[in-house]
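K.L.:
Here it is: the structure, laid out below.
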Amino acid sequence: MGEIRLEKVYFSYEQEDIVQDLSLVIPAGTFTIVVGPNGAGKTTLLRLVAGLLSPEEGKVTIDGRSVGEAQRQGLIHLVPQIYNKNASQFPATVYEIVGLGLLVQAYVSRHERQQRIEDALHKVGMWELRDRRIGELSGGQQQRVMIAQALARHSKYLLLDEPTSGVDMKASAHIFELLRSLCRQGLTIIMVTHDITEAAKVADEVICVDRHVCYQGDCQGFLESHMGTALSWHIGG
Amino acid sequence: MDLLAYSFMQRALLAGVIVAVMCPLIGMFIVIKRQSLLGDGLGHIAFAGVTGASLLNWYPPLGAAGLTVAAAVGIELIRRRQNQYTDMILALFFYAGLALAVIFSTITKMPSTGLLNFLFGSILTVSEADIISIGVVALVVIGIISQIYSRLLLTSFDEEVAVTAGVNVGRINMLFSILTALVIVMGMTVVGILLISALMIVPVATAHLWRKGFKTTMALAVAYSLISVVGGLLIAFFGDIAPGGTIVMTAIALYAITFIGSLLYK
């Protein structure tokens, strides 16, 4: 099955410790949400797994491989944030955007590429809009296109940082449901979110981070024991 | 056509067509990377290179190529450390280029005709050697772009996604900056240092108005660029005007027409 494993990971930025002695295991095939107060190291954790940051101490492995090896094998895919102007205003059609990630993947024939793009667009319900430009779509639709990009690459691990940020509640619920159904089909989802109550309805596990892991377990247990604390993150307490 | 009987006009058209294809090819990526000032910044560095080469009695385009490529490398290295200030970094190089050009041209007492040729283009005096240089640079740029196309496209879309897909983003960005520098030096003979950036940006901006996919937009940008260069050259020939101005104004006119058309079509 495989797993993402972080062992005694340390990371600091401008002499401030962001992540300290962080160890955890995320089994493949699970839907995990990462929560915690602002500045607690949630995004840093995601970026360490994605290989955008390197730990100062400790190690990160994906299915027993180094992150660089996992990148080259197309195992991981970071879903771009839709408030990134370059990605959401890119002058390309939905179809072209979904195919972008596949372009750098070796040994994918043109026919297979077309098939994978078509399958991915059907899975996220965006096939009908394949000829539209990404910038003409709503936030929720743009996010589904970004997820389709990962599906077309056949990546095993999907990393998302606040995918429902700037998206209305109805579209957020759709995105969470879509991610849940993709997880059932075998994809591993790791999602940083502030929307704990909604995300907990679809996730298998929650990891609460505050420089190190302060909770890892089922969502219901977290909500029961930490709900007051979690609410204070929302209202800035 | 009578004007094609003139060998200088044949050379001008050939050089113009090559540059017309190359500029939007690079410009398309410059626009989506939101670095539209890059061409201007490097253009001014090229001007410093031309005047600096004159000071050392070197072949001016060689000086321009050397200094512009060095600046492109410098811009990219600084951008890696201060990514959020790309515009400011480009402005620094822009001012440095202009200031050096003023200093070098004052010291060398470069004749104003020579300066004007580089500033506004001198396509009607393009030599066979220039055509060969432009052709070689075009082949090198097209060869490298075709090799890195997918990685460049993904990097332009989102650098972080490209990294997680195993792309060496730093190397791709560096190569792209160097290619931009080469195309700017190649195009300065045709439209001049001050306006070469316009030929990279304006046809692409016009093509964007059609709101099509990436490949179609690029094809449209090349088509607009070709019409601008050929049309601008003809106006320059018959009106006895510097071609840089007529080429860019043709491109701007095409933008205006397409923009109005897009409003009516809506």
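By order of appearance in the structure tokens: chains A, B, ..., then residues from 1 within every chain, and ligands from 1 in the order shown.
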Please provide the set of residues having any atom within 9 Å of Arg184 in chain A, restricted to only C-alpha atoms, with same-chain residues fewer than 5 positions apart removed, written as a ChimeraX atom specification.
P.N.:
/A:29-31,179
K.L.:
Let's have the selection written as a compact mmCIF listing (two decimals), in the first residue's frame, with N, CA and C atoms.
P.N.:
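Below is the file selection_10.txt, written as the result:
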# COMPACT_ATOMS: atom_id res chain seq x y z
N GLY A 29 -4.07 5.62 0.73
CA GLY A 29 -5.50 5.30 0.61
C GLY A 29 -6.37 5.98 1.65
N THR A 30 -5.79 6.89 2.44
CA THR A 30 -6.60 7.58 3.45
C THR A 30 -6.83 9.04 3.04
N PHE A 31 -7.85 9.63 3.65
CA PHE A 31 -8.14 11.05 3.44
C PHE A 31 -7.79 11.73 4.77
N LEU A 179 -13.41 14.85 -3.37
CA LEU A 179 -12.17 14.31 -2.81
C LEU A 179 -12.45 12.98 -2.08
K.L.:
Counting only C-alpha atoms, which residues from chain B have an atom at most 9 Å from any atom of chain A, and could you show them as a PyMOL selection string?
P.N.:
chain B and resi 32-34+150-151+153-154+156-158+160-167+208+211-215+217
K.L.:
Just to be explicit: take each residue in the selection above, keep N, CA and C atoms, and write the result as a compact mmCIF listing (two decimals), in the first residue's frame.
P.N.:
# COMPACT_ATOMS: atom_id res chain seq x y z
N ILE B 32 2.69 35.19 -19.83
CA ILE B 32 2.04 34.32 -18.83
C ILE B 32 2.85 34.23 -17.54
N LYS B 33 4.15 34.51 -17.64
CA LYS B 33 4.95 34.53 -16.41
C LYS B 33 4.83 35.90 -15.73
N ARG B 34 4.06 36.80 -16.32
CA ARG B 34 3.86 38.17 -15.82
C ARG B 34 5.19 38.89 -15.65
N SER B 150 7.57 21.49 -22.80
CA SER B 150 6.61 21.02 -21.79
C SER B 150 6.98 21.51 -20.40
N ARG B 151 8.28 21.45 -20.10
CA ARG B 151 8.72 21.87 -18.77
C ARG B 151 8.56 23.38 -18.59
N LEU B 153 6.33 25.23 -20.13
CA LEU B 153 4.89 25.49 -20.04
C LEU B 153 4.38 25.23 -18.62
N LEU B 154 4.81 24.10 -18.05
CA LEU B 154 4.35 23.75 -16.69
C LEU B 154 4.93 24.74 -15.67
N SER B 156 5.67 27.85 -16.25
CA SER B 156 4.96 29.12 -16.41
C SER B 156 3.59 29.05 -15.78
N PHE B 157 2.98 27.86 -15.79
CA PHE B 157 1.66 27.67 -15.19
C PHE B 157 1.74 27.81 -13.67
N ASP B 158 2.64 27.08 -13.06
CA ASP B 158 2.80 27.15 -11.61
C ASP B 158 4.14 26.51 -11.24
N GLU B 160 5.50 25.80 -8.43
CA GLU B 160 5.49 24.77 -7.37
C GLU B 160 4.97 23.44 -7.90
N VAL B 161 3.95 23.50 -8.77
CA VAL B 161 3.44 22.27 -9.38
C VAL B 161 4.55 21.64 -10.22
N ALA B 162 5.29 22.49 -10.93
CA ALA B 162 6.38 21.98 -11.77
C ALA B 162 7.45 21.29 -10.91
N VAL B 163 7.77 21.88 -9.76
CA VAL B 163 8.78 21.26 -8.88
C VAL B 163 8.30 19.88 -8.43
N THR B 164 7.03 19.81 -8.01
CA THR B 164 6.54 18.51 -7.52
C THR B 164 6.42 17.49 -8.65
N ALA B 165 6.42 17.97 -9.90
CA ALA B 165 6.39 17.04 -11.03
C ALA B 165 7.82 16.67 -11.46
N GLY B 166 8.80 17.12 -10.67
CA GLY B 166 10.18 16.74 -10.93
C GLY B 166 10.91 17.64 -11.92
N VAL B 167 10.34 18.82 -12.22
CA VAL B 167 11.00 19.74 -13.17
C VAL B 167 12.04 20.57 -12.41
N HIS B 208 -4.51 37.31 -27.29
CA HIS B 208 -5.26 36.98 -26.06
C HIS B 208 -6.71 37.44 -26.16
N ARG B 211 -9.42 34.93 -26.74
CA ARG B 211 -9.78 34.04 -25.63
C ARG B 211 -9.83 32.57 -26.07
N LYS B 212 -8.78 32.15 -26.73
CA LYS B 212 -8.68 30.75 -27.20
C LYS B 212 -7.69 29.99 -26.32
N GLY B 213 -7.44 28.74 -26.66
CA GLY B 213 -6.49 27.91 -25.94
C GLY B 213 -5.05 28.35 -26.20
N PHE B 214 -4.12 27.72 -25.49
CA PHE B 214 -2.72 28.16 -25.54
C PHE B 214 -2.13 28.08 -26.95
N LYS B 215 -2.29 26.93 -27.59
CA LYS B 215 -1.67 26.75 -28.90
C LYS B 215 -2.27 27.70 -29.93
N THR B 217 -3.70 30.55 -29.32
CA THR B 217 -3.27 31.91 -28.99
C THR B 217 -1.85 32.16 -29.52
K.L.:
So how many Å separate CA of Val206 in chain A and CA of Gln20 in chain A, to one decimal?
P.N.:
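It comes out at 18.8 Å.
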K.L.:
For Ala171 in chain A, work out the shell of residues within 12 Å, counting only C-alpha atoms and skipping chain neighbours fewer than 6 positions away, then give it as an mmCIF file with C-alpha atoms, in the first residue's frame.
P.N.:
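In the end it all went to result_4.cif:
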data_model
loop_
_atom_site.group_PDB
_atom_site.id
_atom_site.type_symbol
_atom_site.label_atom_id
_atom_site.label_comp_id
_atom_site.auth_asym_id
_atom_site.auth_seq_id
_atom_site.Cartn_x
_atom_site.Cartn_y
_atom_site.Cartn_z
ATOM 1 C CA SER A 138 -16.047 29.933 -11.034
ATOM 2 C CA GLY A 139 -13.658 29.259 -8.130
ATOM 3 C CA GLY A 140 -15.179 25.850 -7.430
ATOM 4 C CA GLN A 141 -14.958 24.824 -11.092
ATOM 5 C CA GLN A 142 -11.351 26.023 -11.295
ATOM 6 C CA GLN A 143 -10.492 23.921 -8.258
ATOM 7 C CA ARG A 144 -12.048 20.831 -9.858
ATOM 8 C CA PRO A 163 -8.615 24.141 -1.634
ATOM 9 C CA THR A 164 -11.902 25.760 -0.596
ATOM 10 C CA SER A 165 -10.428 29.159 0.170
ATOM 11 C CA GLU A 177 -17.419 15.150 -1.697
ATOM 12 C CA LEU A 178 -15.332 14.841 -4.856
#
K.L.:
Where in range 47-228 of chain A does DSSP assign alpha helix (DSSP H), given as a PyMOL selection string?
P.N.:
chain A and resi 47-50+67-72+85-88+94-103+110-123+139-153+169-184+196-200+219-228
K.L.:
Go through B:Leu42, B:Ile107, B:Ile201, B:Ala236 and flag the residue nearest Met22 in chain B, using only C-alpha atoms for the distances.
P.N.:
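Between B:Leu42, B:Ile107, B:Ile201, B:Ala236, the residue approaching Met22 in chain B most closely is B:Ile201.
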K.L.:
Find the residues near Val209 in chain A: any atom within 10 Å, counting only C-alpha atoms, skip ones fewer than 2 places away on the same chain, and give them as a list in words.
P.N.:
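Skipping anything fewer than 2 positions along the chain leaves Val19, Leu22, Val34, Val35, Gly36, Pro37, Gly39, Ala40, Gly41, Lys42, Leu45, Val206, Ile207, Arg211, His212, Val213, Cys214, Tyr215 and Gln216 of chain A.
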K.L.:
Please identify which residues in range 40-228 of chain A DSSP calls strand (DSSP E) from the backbone, and express them as JSON, numbers by chain.
P.N.:
{"A": [57, 58, 59, 60, 61, 62, 65, 66, 76, 77, 78, 79, 157, 158, 159, 160, 161, 188, 189, 190, 191, 192, 205, 206, 207, 208, 209, 210, 212, 213, 214, 215, 216, 217, 218]}
K.L.:
Take the residues just selected and output them with N, CA and C atoms as a CSV table (one decimal), in the first residue's frame.
P.N.:
chain,number,residue,atom,x,y,z
A,57,GLU,N,16.7,18.8,9.6
A,57,GLU,CA,17.1,17.5,10.2
A,57,GLU,C,15.9,16.5,10.0
A,58,GLY,N,16.2,15.3,10.1
A,58,GLY,CA,15.2,14.3,9.9
A,58,GLY,C,15.0,13.9,8.4
A,59,LYS,N,14.0,13.1,8.2
A,59,LYS,CA,13.8,12.7,6.7
A,59,LYS,C,12.3,12.5,6.4
A,60,VAL,N,12.0,12.7,5.1
A,60,VAL,CA,10.7,12.5,4.6
A,60,VAL,C,10.8,11.4,3.5
A,61,THR,N,10.0,10.4,3.6
A,61,THR,CA,10.0,9.4,2.6
A,61,THR,C,8.5,9.1,2.1
A,62,ILE,N,8.4,8.8,0.8
A,62,ILE,CA,7.1,8.5,0.3
A,62,ILE,C,7.2,7.1,-0.4
A,65,ARG,N,10.6,5.8,-0.7
A,65,ARG,CA,11.6,6.5,-1.6
A,65,ARG,C,11.8,7.9,-1.0
A,66,SER,N,12.9,8.6,-1.5
A,66,SER,CA,13.1,10.0,-1.2
A,66,SER,C,12.0,10.8,-1.9
A,76,ILE,N,3.5,12.1,-6.4
A,76,ILE,CA,2.8,13.2,-5.7
A,76,ILE,C,2.4,14.3,-6.6
A,77,HIS,N,1.3,14.9,-6.3
A,77,HIS,CA,0.9,16.1,-7.1
A,77,HIS,C,0.3,17.2,-6.1
A,78,LEU,N,0.9,18.4,-6.2
A,78,LEU,CA,0.4,19.5,-5.4
A,78,LEU,C,-0.6,20.2,-6.2
A,79,VAL,N,-1.8,20.3,-5.7
A,79,VAL,CA,-2.9,21.0,-6.4
A,79,VAL,C,-2.7,22.5,-6.3
A,157,TYR,N,-0.6,10.4,-4.5
A,157,TYR,CA,-0.8,11.3,-3.3
A,157,TYR,C,-1.2,12.7,-3.8
A,158,LEU,N,-2.3,13.1,-3.3
A,158,LEU,CA,-2.8,14.5,-3.8
A,158,LEU,C,-2.6,15.4,-2.6
A,159,LEU,N,-1.9,16.5,-2.8
A,159,LEU,CA,-1.6,17.4,-1.7
A,159,LEU,C,-2.4,18.7,-2.0
A,160,LEU,N,-3.2,19.2,-1.0
A,160,LEU,CA,-4.0,20.4,-1.2
A,160,LEU,C,-3.9,21.3,-0.1
A,161,ASP,N,-3.7,22.6,-0.4
A,161,ASP,CA,-3.5,23.6,0.7
A,161,ASP,C,-4.7,24.6,0.6
A,188,THR,N,-4.7,8.9,-2.3
A,188,THR,CA,-4.5,9.4,-0.9
A,188,THR,C,-4.6,10.9,-0.9
A,189,ILE,N,-5.4,11.4,0.0
A,189,ILE,CA,-5.6,12.9,0.0
A,189,ILE,C,-5.0,13.4,1.3
A,190,ILE,N,-4.2,14.5,1.2
A,190,ILE,CA,-3.7,15.2,2.4
A,190,ILE,C,-4.0,16.7,2.1
A,191,MET,N,-4.9,17.2,3.0
A,191,MET,CA,-5.4,18.5,2.8
A,191,MET,C,-5.3,19.4,4.0
A,192,VAL,N,-4.6,20.5,3.8
A,192,VAL,CA,-4.6,21.6,4.9
A,192,VAL,C,-5.9,22.3,4.8
A,205,GLU,N,-9.0,10.9,8.8
A,205,GLU,CA,-8.1,11.1,9.9
A,205,GLU,C,-7.8,12.6,10.0
A,206,VAL,N,-7.5,13.1,11.2
A,206,VAL,CA,-7.1,14.5,11.3
A,206,VAL,C,-5.7,14.5,12.0
A,207,ILE,N,-4.8,15.4,11.5
A,207,ILE,CA,-3.5,15.6,12.1
A,207,ILE,C,-3.6,17.1,12.6
A,208,CYS,N,-3.4,17.3,13.8
A,208,CYS,CA,-3.4,18.7,14.4
A,208,CYS,C,-1.9,19.0,14.6
A,209,VAL,N,-1.5,20.1,14.0
A,209,VAL,CA,-0.1,20.5,14.1
A,209,VAL,C,0.1,21.8,14.8
A,210,ASP,N,1.0,21.9,15.7
A,210,ASP,CA,1.4,23.1,16.3
A,210,ASP,C,2.9,23.0,16.6
A,212,HIS,N,4.8,20.7,16.2
A,212,HIS,CA,4.9,19.2,16.2
A,212,HIS,C,3.5,18.6,16.1
A,213,VAL,N,3.4,17.3,16.0
A,213,VAL,CA,2.0,16.8,15.9
A,213,VAL,C,1.4,16.7,17.3
A,214,CYS,N,0.3,17.4,17.5
A,214,CYS,CA,-0.3,17.4,18.8
A,214,CYS,C,-1.6,16.5,18.9
A,215,TYR,N,-2.0,16.0,17.7
A,215,TYR,CA,-3.1,15.1,17.7
A,215,TYR,C,-3.0,14.3,16.3
A,216,GLN,N,-3.2,13.1,16.3
A,216,GLN,CA,-3.4,12.3,15.1
A,216,GLN,C,-4.4,11.2,15.4
A,217,GLY,N,-5.5,11.2,14.7
A,217,GLY,CA,-6.5,10.2,15.0
A,217,GLY,C,-7.7,10.4,14.2
A,218,ASP,N,-8.8,9.8,14.6
A,218,ASP,CA,-10.1,9.9,13.9
A,218,ASP,C,-10.7,11.3,14.1
K.L.:
Quick one, how far is CA of Leu115 in chain B from CA of Ala12 in chain B?
P.N.:
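Separation of CA of Leu115 in chain B and CA of Ala12 in chain B: 19.3 Å.
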K.L.:
Hey, can you check how far CA of Asn117 in chain B sits from CA of Ile178 in chain B?
P.N.:
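The value is 23.8 Å.
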K.L.:
Quick one: residues within 7 Å of range 114-117 of chain A, only C-alpha atoms counted, chain neighbours fewer than 4 positions away excluded, as a list in words?
P.N.:
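Contacts, in chain order: Val98, Gly99, Arg110, Leu121 and Ala152 of chain A.
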K.L.:
Find, counting only C-alpha atoms, the residue in B:Pro60, B:Gly97, B:Gly239, B:Pro203 that gets nearest to Ala48 in chain B.
P.N.:
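Of the candidates, the smallest distance to Ala48 in chain B is held by B:Gly97.
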K.L.:
Find the residues near Ala198 in chain B: any atom within 9 Å, counting only C-alpha atoms, skip ones fewer than 3 places away on the same chain, and give them as a list in words.
P.N.:
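Within the cut-off, the hits are Gly39, Asp40, Leu194, Leu195, Ile201, Val202, Pro203, Val248 and Ala251 of chain B.
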K.L.:
Select, from B:Leu179, B:Val17, B:Ala242, B:Ile247, the residue with the minimum atom-to-atom distance to Leu124 in chain B, counting only C-alpha atoms.
P.N.:
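Ranked by minimum distance to Leu124 in chain B, first place goes to B:Ala242.
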